[in-house]
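Worksheet for the structure shown next.
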Amino acid sequence: CSFVSGILAAVVCAPCVGPLLGSVTGLLLTLDTFFALLLAGTIGFGLAFPFLLLAVFPKLAALLPKPGKWMESFKQLMGFFLLAAVLFLLNTIGGLSGKGAMVAVLFGLLLVGAGAWIYGRWSLPTRGTFVRTLAMVFGLFFLIAGTWYGAAASKSAYDQMVSGTGNSMAK
């Protein structure tokens with residue numbers, strides 16, 4: 001169970017550390033098996049170290065901040081860092097694939113955001129079953145449509161740029 005939790009933690013944190021670990025992942029693919037496993041194990045150890053530290057010294061848990069209203073502000077502050085990571089990635093997409101791909105990804109994100117908003121607004125337990133089901137269907141539709149459109153349109157813009165058939169606006 002702990003092994004699966006570790007895998008889940010790595011998958012969940014991957015989007016947050018992806019901009020930082022992208023080059024390391026590329027390096028892992030080029031290394032010999034021993035060194036690749038050593039590097040991946042070192043990254044895993046770094047992820048697990050805080051938990052290991054608390055397991056070895058349980059009294060340190062008393063030093064951790066207590067839950068409260070401050071967590072909401074902290075969550076919102078971290079949201080701005082996540083938005084900064086999105087800007088970094090969109091800048092990279094724009095530089096590699098052109099303006100058209102960046103706009104396509106932004107439109108896809110708009111659709112995903114609309115789906116999340118619909119789901120969050122109308123799928124509350126206080127709503128009726130029909131409204132909750134409808135919110136789930138529309139939210140899922142927007143999520144899938146936004147993801148598909150953003151990925152397909154940015155790939156198309158990239159392919160046009162690489163082949164040289166794209167217009168100057170997309171570059």
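Going by the structure tokens order, chains are called A, B, ..., each with residues numbered from 1, while ligands are numbered from 1 in the order shown.
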
Contacts of region 147-164 of chain A at 10 Å (only C-alpha atoms; same-chain gap of 2+ positions) as a compact mmCIF listing (two decimals) with all heavy atoms, in the first residue's frame:
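out_1.txt, freshly written:
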# COMPACT_ATOMS: atom_id res chain seq x y z
N ILE A 93 5.68 26.83 -25.20
CA ILE A 93 4.87 26.39 -26.34
C ILE A 93 4.86 27.46 -27.42
O ILE A 93 5.00 27.16 -28.61
CB ILE A 93 3.44 26.04 -25.89
CG1 ILE A 93 3.44 24.74 -25.09
CG2 ILE A 93 2.50 25.91 -27.09
CD1 ILE A 93 2.11 24.43 -24.44
N GLY A 94 4.68 28.72 -27.01
CA GLY A 94 4.67 29.81 -27.98
C GLY A 94 5.99 29.94 -28.71
O GLY A 94 6.02 30.20 -29.91
N LEU A 96 8.20 27.48 -29.21
CA LEU A 96 8.47 26.30 -30.03
C LEU A 96 7.48 26.16 -31.18
O LEU A 96 7.84 25.76 -32.28
CB LEU A 96 8.43 25.03 -29.18
CG LEU A 96 9.53 24.88 -28.14
CD1 LEU A 96 9.26 23.65 -27.29
CD2 LEU A 96 10.87 24.75 -28.83
N SER A 97 6.21 26.45 -30.91
CA SER A 97 5.17 26.14 -31.88
C SER A 97 4.48 27.35 -32.46
O SER A 97 3.65 27.22 -33.34
CB SER A 97 4.11 25.25 -31.23
OG SER A 97 4.69 24.10 -30.70
N GLY A 98 4.76 28.52 -31.96
CA GLY A 98 4.15 29.72 -32.50
C GLY A 98 2.94 30.18 -31.70
O GLY A 98 2.45 29.51 -30.80
N LYS A 99 2.48 31.36 -32.07
CA LYS A 99 1.37 32.01 -31.37
C LYS A 99 0.08 31.21 -31.49
O LYS A 99 -0.71 31.14 -30.55
CB LYS A 99 1.18 33.41 -31.95
CG LYS A 99 0.11 34.22 -31.30
CD LYS A 99 0.02 35.59 -31.96
CE LYS A 99 -1.17 36.35 -31.46
NZ LYS A 99 -1.31 37.63 -32.18
N GLY A 100 -0.15 30.59 -32.63
CA GLY A 100 -1.37 29.80 -32.83
C GLY A 100 -1.51 28.66 -31.84
O GLY A 100 -2.59 28.41 -31.31
N ALA A 101 -0.42 27.99 -31.57
CA ALA A 101 -0.45 26.88 -30.61
C ALA A 101 -0.71 27.39 -29.21
O ALA A 101 -1.46 26.78 -28.45
CB ALA A 101 0.87 26.10 -30.65
N MET A 102 -0.12 28.53 -28.86
CA MET A 102 -0.32 29.09 -27.53
C MET A 102 -1.78 29.50 -27.34
O MET A 102 -2.37 29.23 -26.29
CB MET A 102 0.61 30.28 -27.30
CG MET A 102 0.61 30.77 -25.88
SD MET A 102 1.91 31.95 -25.53
CE MET A 102 1.51 33.28 -26.62
N VAL A 103 -2.37 30.11 -28.34
CA VAL A 103 -3.78 30.51 -28.25
C VAL A 103 -4.67 29.27 -28.16
O VAL A 103 -5.65 29.25 -27.41
CB VAL A 103 -4.17 31.41 -29.44
CG1 VAL A 103 -5.67 31.64 -29.51
CG2 VAL A 103 -3.43 32.73 -29.36
N ALA A 104 -4.33 28.22 -28.90
CA ALA A 104 -5.12 26.98 -28.85
C ALA A 104 -5.08 26.37 -27.46
O ALA A 104 -6.10 25.92 -26.93
CB ALA A 104 -4.59 25.98 -29.89
N VAL A 105 -3.90 26.35 -26.85
CA VAL A 105 -3.79 25.80 -25.49
C VAL A 105 -4.57 26.68 -24.52
O VAL A 105 -5.26 26.17 -23.63
CB VAL A 105 -2.31 25.67 -25.07
CG1 VAL A 105 -2.19 25.33 -23.61
CG2 VAL A 105 -1.63 24.61 -25.92
N LEU A 106 -4.50 28.00 -24.67
CA LEU A 106 -5.26 28.90 -23.79
C LEU A 106 -6.77 28.67 -23.94
O LEU A 106 -7.50 28.65 -22.95
CB LEU A 106 -4.92 30.35 -24.09
CG LEU A 106 -3.59 30.85 -23.53
CD1 LEU A 106 -3.26 32.22 -24.08
CD2 LEU A 106 -3.64 30.87 -22.02
N PHE A 107 -7.24 28.47 -25.18
CA PHE A 107 -8.66 28.20 -25.37
C PHE A 107 -9.04 26.85 -24.76
O PHE A 107 -10.10 26.73 -24.14
CB PHE A 107 -9.02 28.23 -26.87
CG PHE A 107 -10.49 28.08 -27.11
CD1 PHE A 107 -11.36 29.11 -26.81
CD2 PHE A 107 -11.00 26.91 -27.63
CE1 PHE A 107 -12.72 28.97 -27.02
CE2 PHE A 107 -12.35 26.75 -27.84
CZ PHE A 107 -13.22 27.79 -27.53
N GLY A 108 -8.18 25.87 -24.91
CA GLY A 108 -8.42 24.57 -24.27
C GLY A 108 -8.49 24.72 -22.76
O GLY A 108 -9.36 24.13 -22.11
N LEU A 109 -7.59 25.51 -22.17
CA LEU A 109 -7.63 25.75 -20.74
C LEU A 109 -8.89 26.48 -20.32
O LEU A 109 -9.43 26.23 -19.23
CB LEU A 109 -6.39 26.53 -20.30
CG LEU A 109 -5.08 25.76 -20.30
CD1 LEU A 109 -3.91 26.70 -20.00
CD2 LEU A 109 -5.11 24.62 -19.30
N LEU A 110 -9.37 27.39 -21.17
CA LEU A 110 -10.63 28.08 -20.89
C LEU A 110 -11.78 27.08 -20.83
O LEU A 110 -12.63 27.13 -19.92
CB LEU A 110 -10.91 29.13 -21.96
CG LEU A 110 -12.24 29.87 -21.86
CD1 LEU A 110 -12.24 30.78 -20.64
CD2 LEU A 110 -12.52 30.65 -23.12
N LEU A 111 -11.83 26.15 -21.76
CA LEU A 111 -12.88 25.12 -21.75
C LEU A 111 -12.77 24.22 -20.52
O LEU A 111 -13.78 23.89 -19.89
CB LEU A 111 -12.82 24.27 -23.03
CG LEU A 111 -13.24 24.96 -24.33
CD1 LEU A 111 -13.02 24.03 -25.51
CD2 LEU A 111 -14.68 25.42 -24.26
N VAL A 112 -11.55 23.83 -20.16
CA VAL A 112 -11.35 23.01 -18.97
C VAL A 112 -11.79 23.78 -17.73
O VAL A 112 -12.46 23.24 -16.84
CB VAL A 112 -9.88 22.56 -18.86
CG1 VAL A 112 -9.58 21.95 -17.50
CG2 VAL A 112 -9.55 21.57 -19.97
N PHE A 141 -17.77 16.91 -20.30
CA PHE A 141 -17.72 17.25 -21.71
C PHE A 141 -16.73 18.39 -21.96
O PHE A 141 -15.89 18.31 -22.85
CB PHE A 141 -19.11 17.65 -22.24
CG PHE A 141 -19.07 18.22 -23.63
CD1 PHE A 141 -18.90 17.40 -24.72
CD2 PHE A 141 -19.18 19.59 -23.83
CE1 PHE A 141 -18.84 17.92 -26.01
CE2 PHE A 141 -19.12 20.12 -25.10
CZ PHE A 141 -18.96 19.29 -26.19
N PHE A 142 -16.84 19.46 -21.18
CA PHE A 142 -15.93 20.58 -21.35
C PHE A 142 -14.49 20.19 -21.04
O PHE A 142 -13.56 20.66 -21.71
CB PHE A 142 -16.35 21.77 -20.47
CG PHE A 142 -17.41 22.62 -21.08
CD1 PHE A 142 -18.74 22.45 -20.75
CD2 PHE A 142 -17.08 23.61 -21.99
CE1 PHE A 142 -19.71 23.24 -21.32
CE2 PHE A 142 -18.05 24.41 -22.57
CZ PHE A 142 -19.38 24.22 -22.23
N LEU A 143 -14.29 19.36 -20.05
CA LEU A 143 -12.95 18.90 -19.70
C LEU A 143 -12.33 18.13 -20.87
O LEU A 143 -11.20 18.40 -21.29
CB LEU A 143 -12.98 18.01 -18.45
CG LEU A 143 -11.67 17.35 -18.09
CD1 LEU A 143 -10.74 18.35 -17.44
CD2 LEU A 143 -11.91 16.18 -17.17
N ILE A 144 -13.08 17.18 -21.42
CA ILE A 144 -12.58 16.38 -22.53
C ILE A 144 -12.40 17.24 -23.79
O ILE A 144 -11.38 17.16 -24.47
CB ILE A 144 -13.51 15.18 -22.80
CG1 ILE A 144 -13.42 14.20 -21.63
CG2 ILE A 144 -13.15 14.49 -24.11
CD1 ILE A 144 -14.47 13.10 -21.65
N ALA A 145 -13.39 18.09 -24.08
CA ALA A 145 -13.32 18.94 -25.27
C ALA A 145 -12.14 19.90 -25.18
O ALA A 145 -11.40 20.10 -26.15
CB ALA A 145 -14.63 19.71 -25.45
N GLY A 166 2.73 27.17 -42.24
CA GLY A 166 1.94 28.05 -41.37
C GLY A 166 2.07 29.49 -41.80
O GLY A 166 3.03 29.91 -42.44
N ASN A 167 1.06 30.29 -41.48
CA ASN A 167 1.11 31.70 -41.84
C ASN A 167 2.02 32.43 -40.87
O ASN A 167 2.42 31.92 -39.85
CB ASN A 167 -0.29 32.31 -41.87
CG ASN A 167 -1.00 32.19 -40.53
OD1 ASN A 167 -0.36 32.07 -39.49
ND2 ASN A 167 -2.32 32.23 -40.56
N SER A 168 2.35 33.67 -41.18
CA SER A 168 3.28 34.42 -40.33
C SER A 168 2.66 34.74 -38.98
O SER A 168 3.36 35.00 -38.02
CB SER A 168 3.70 35.70 -41.05
OG SER A 168 2.56 36.51 -41.30
N ALA A 170 0.95 32.69 -37.08
CA ALA A 170 1.14 31.55 -36.19
C ALA A 170 2.59 31.45 -35.71
O ALA A 170 2.88 30.76 -34.76
CB ALA A 170 0.74 30.25 -36.88
N LYS A 171 3.49 32.09 -36.38
CA LYS A 171 4.91 32.03 -35.99
C LYS A 171 5.19 33.15 -35.10
O LYS A 171 5.56 33.62 -34.33
CB LYS A 171 5.81 32.08 -37.20
CG LYS A 171 5.64 30.85 -38.06
CD LYS A 171 6.56 30.91 -39.23
CE LYS A 171 6.36 29.71 -40.12
NZ LYS A 171 7.17 29.71 -41.28

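Summary of the local environment: counting only C-alpha atoms, residues at most 12 Å from region 31-42 of chain A, other than itself and those fewer than 6 positions away along its chain, are Ala10, Leu21, Val24, Thr25, Ala48 and Phe49 of chain A.
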
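For Tyr119 (chain A), the residues within 10 Å (counting only C-alpha atoms, excluding itself and residues fewer than 5 positions away along the chain) are Gly113, Ala114, Leu124, Arg132, Thr133, Leu134, Ala135, Met136, Val137, Phe138, Gly139, Leu140 and Phe142 of chain A.
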
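Going from CA of Gly46 (chain A) to CA of Gly79 (chain A) covers 23.0 Å.
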
Mind listing the alpha helix (DSSP H) residues of chain A, per DSSP on the backbone, as a PyMOL selection string?
chain A and resi 2-30+33-56+70-97+99-122+129-163

Output of the above residues as a tab-separated table (two decimals), in the first residue's frame, restricted to C-alpha atoms:
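Saved file selection-v5.tsv follows:
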chain	number	residue	atom	x	y	z
A	2	SER	CA	2.85	2.42	0.81
A	3	PHE	CA	4.51	1.64	-2.52
A	4	VAL	CA	1.32	2.49	-4.42
A	5	SER	CA	0.92	5.67	-2.33
A	6	GLY	CA	4.45	6.62	-3.33
A	7	ILE	CA	3.66	6.10	-6.99
A	8	LEU	CA	0.49	8.18	-6.58
A	9	ALA	CA	2.48	10.96	-4.88
A	10	ALA	CA	4.97	11.00	-7.75
A	11	VAL	CA	2.19	11.14	-10.35
A	12	VAL	CA	0.32	13.89	-8.50
A	13	CYS	CA	3.40	16.05	-8.00
A	14	ALA	CA	4.68	15.53	-11.54
A	15	PRO	CA	2.83	18.53	-13.05
A	16	CYS	CA	4.22	20.80	-10.33
A	17	VAL	CA	7.83	19.74	-10.68
A	18	GLY	CA	7.62	18.94	-14.39
A	19	PRO	CA	9.17	22.22	-15.54
A	20	LEU	CA	12.08	21.59	-13.18
A	21	LEU	CA	12.50	17.86	-13.78
A	22	GLY	CA	11.90	17.82	-17.53
A	23	SER	CA	15.59	17.96	-18.36
A	24	VAL	CA	16.33	15.34	-15.69
A	25	THR	CA	13.77	13.02	-17.25
A	26	GLY	CA	15.44	13.47	-20.62
A	27	LEU	CA	18.76	12.68	-19.00
A	28	LEU	CA	17.31	9.52	-17.42
A	29	LEU	CA	16.46	8.21	-20.87
A	30	THR	CA	20.05	8.55	-22.03
A	33	THR	CA	20.32	1.54	-16.31
A	34	PHE	CA	22.34	1.71	-13.08
A	35	PHE	CA	22.81	5.47	-13.18
A	36	ALA	CA	19.24	6.08	-14.32
A	37	LEU	CA	17.91	4.06	-11.38
A	38	LEU	CA	20.35	5.81	-9.04
A	39	LEU	CA	19.18	9.24	-10.20
A	40	ALA	CA	15.49	8.28	-10.10
A	41	GLY	CA	16.00	6.76	-6.66
A	42	THR	CA	17.66	9.95	-5.46
A	43	ILE	CA	14.68	11.98	-6.66
A	44	GLY	CA	12.32	9.54	-4.94
A	45	PHE	CA	14.35	9.76	-1.75
A	46	GLY	CA	14.10	13.54	-1.91
A	47	LEU	CA	10.31	13.29	-2.20
A	48	ALA	CA	10.12	10.83	0.69
A	49	PHE	CA	12.67	12.53	2.96
A	50	PRO	CA	10.21	14.72	4.94
A	51	PHE	CA	8.09	11.66	5.75
A	52	LEU	CA	11.17	9.66	6.65
A	53	LEU	CA	12.35	12.46	8.93
A	54	LEU	CA	8.99	12.55	10.74
A	55	ALA	CA	8.98	8.75	11.06
A	56	VAL	CA	12.44	8.71	12.63
A	70	TRP	CA	-4.01	30.57	7.13
A	71	MET	CA	-4.15	27.44	4.96
A	72	GLU	CA	-6.71	29.06	2.64
A	73	SER	CA	-4.41	32.04	2.06
A	74	PHE	CA	-1.45	29.73	1.59
A	75	LYS	CA	-3.41	27.64	-0.92
A	76	GLN	CA	-4.26	30.77	-2.89
A	77	LEU	CA	-0.64	31.95	-2.79
A	78	MET	CA	0.48	28.58	-4.16
A	79	GLY	CA	-2.13	29.00	-6.91
A	80	PHE	CA	-0.22	32.04	-8.15
A	81	PHE	CA	2.96	29.96	-8.35
A	82	LEU	CA	1.01	27.35	-10.32
A	83	LEU	CA	-0.20	30.10	-12.68
A	84	ALA	CA	3.42	31.22	-13.07
A	85	ALA	CA	4.33	27.66	-14.08
A	86	VAL	CA	1.50	27.72	-16.64
A	87	LEU	CA	2.85	31.00	-18.04
A	88	PHE	CA	6.31	29.47	-18.29
A	89	LEU	CA	4.98	26.44	-20.15
A	90	LEU	CA	2.82	28.58	-22.45
A	91	ASN	CA	5.83	30.76	-23.21
A	92	THR	CA	7.73	27.60	-24.13
A	93	ILE	CA	4.87	26.39	-26.34
A	94	GLY	CA	4.67	29.81	-27.98
A	95	GLY	CA	8.40	29.82	-28.63
A	96	LEU	CA	8.47	26.30	-30.03
A	97	SER	CA	5.17	26.14	-31.88
A	99	LYS	CA	1.37	32.01	-31.37
A	100	GLY	CA	-1.37	29.80	-32.83
A	101	ALA	CA	-0.45	26.88	-30.61
A	102	MET	CA	-0.32	29.09	-27.53
A	103	VAL	CA	-3.78	30.51	-28.25
A	104	ALA	CA	-5.12	26.98	-28.85
A	105	VAL	CA	-3.79	25.80	-25.49
A	106	LEU	CA	-5.26	28.90	-23.79
A	107	PHE	CA	-8.66	28.20	-25.37
A	108	GLY	CA	-8.42	24.57	-24.27
A	109	LEU	CA	-7.63	25.75	-20.74
A	110	LEU	CA	-10.63	28.08	-20.89
A	111	LEU	CA	-12.88	25.12	-21.75
A	112	VAL	CA	-11.35	23.01	-18.97
A	113	GLY	CA	-11.86	25.90	-16.53
A	114	ALA	CA	-15.48	26.26	-17.63
A	115	GLY	CA	-16.02	22.54	-17.08
A	116	ALA	CA	-14.51	22.75	-13.60
A	117	TRP	CA	-16.66	25.78	-12.80
A	118	ILE	CA	-19.85	24.07	-14.00
A	119	TYR	CA	-19.06	20.98	-11.96
A	120	GLY	CA	-18.09	22.95	-8.85
A	121	ARG	CA	-21.09	25.27	-9.05
A	122	TRP	CA	-23.89	22.80	-9.79
A	129	THR	CA	-29.88	14.45	-8.62
A	130	PHE	CA	-30.80	15.62	-12.13
A	131	VAL	CA	-28.88	18.89	-11.76
A	132	ARG	CA	-25.84	17.11	-10.29
A	133	THR	CA	-25.87	14.56	-13.12
A	134	LEU	CA	-26.23	17.30	-15.72
A	135	ALA	CA	-23.38	19.24	-14.13
A	136	MET	CA	-21.20	16.15	-14.17
A	137	VAL	CA	-21.98	15.44	-17.83
A	138	PHE	CA	-21.38	19.03	-18.97
A	139	GLY	CA	-18.31	19.40	-16.78
A	140	LEU	CA	-16.82	16.21	-18.17
A	141	PHE	CA	-17.72	17.25	-21.71
A	142	PHE	CA	-15.93	20.58	-21.35
A	143	LEU	CA	-12.95	18.90	-19.70
A	144	ILE	CA	-12.58	16.38	-22.53
A	145	ALA	CA	-13.32	18.94	-25.27
A	146	GLY	CA	-10.83	21.45	-23.85
A	147	THR	CA	-8.10	18.87	-23.44
A	148	TRP	CA	-8.67	17.42	-26.91
A	149	TYR	CA	-8.89	20.81	-28.62
A	150	GLY	CA	-5.83	22.24	-26.88
A	151	ALA	CA	-3.71	19.20	-27.65
A	152	ALA	CA	-4.92	18.74	-31.25
A	153	ALA	CA	-4.76	22.40	-32.21
A	154	SER	CA	-1.32	22.96	-30.69
A	155	LYS	CA	-0.01	19.85	-32.46
A	156	SER	CA	-1.48	21.10	-35.72
A	157	ALA	CA	0.10	24.54	-35.24
A	158	TYR	CA	3.43	22.91	-34.43
A	159	ASP	CA	3.23	20.65	-37.50
A	160	GLN	CA	2.43	23.66	-39.71
A	161	MET	CA	5.34	25.60	-38.27
A	162	VAL	CA	7.77	22.72	-38.74
A	163	SER	CA	6.64	22.07	-42.30
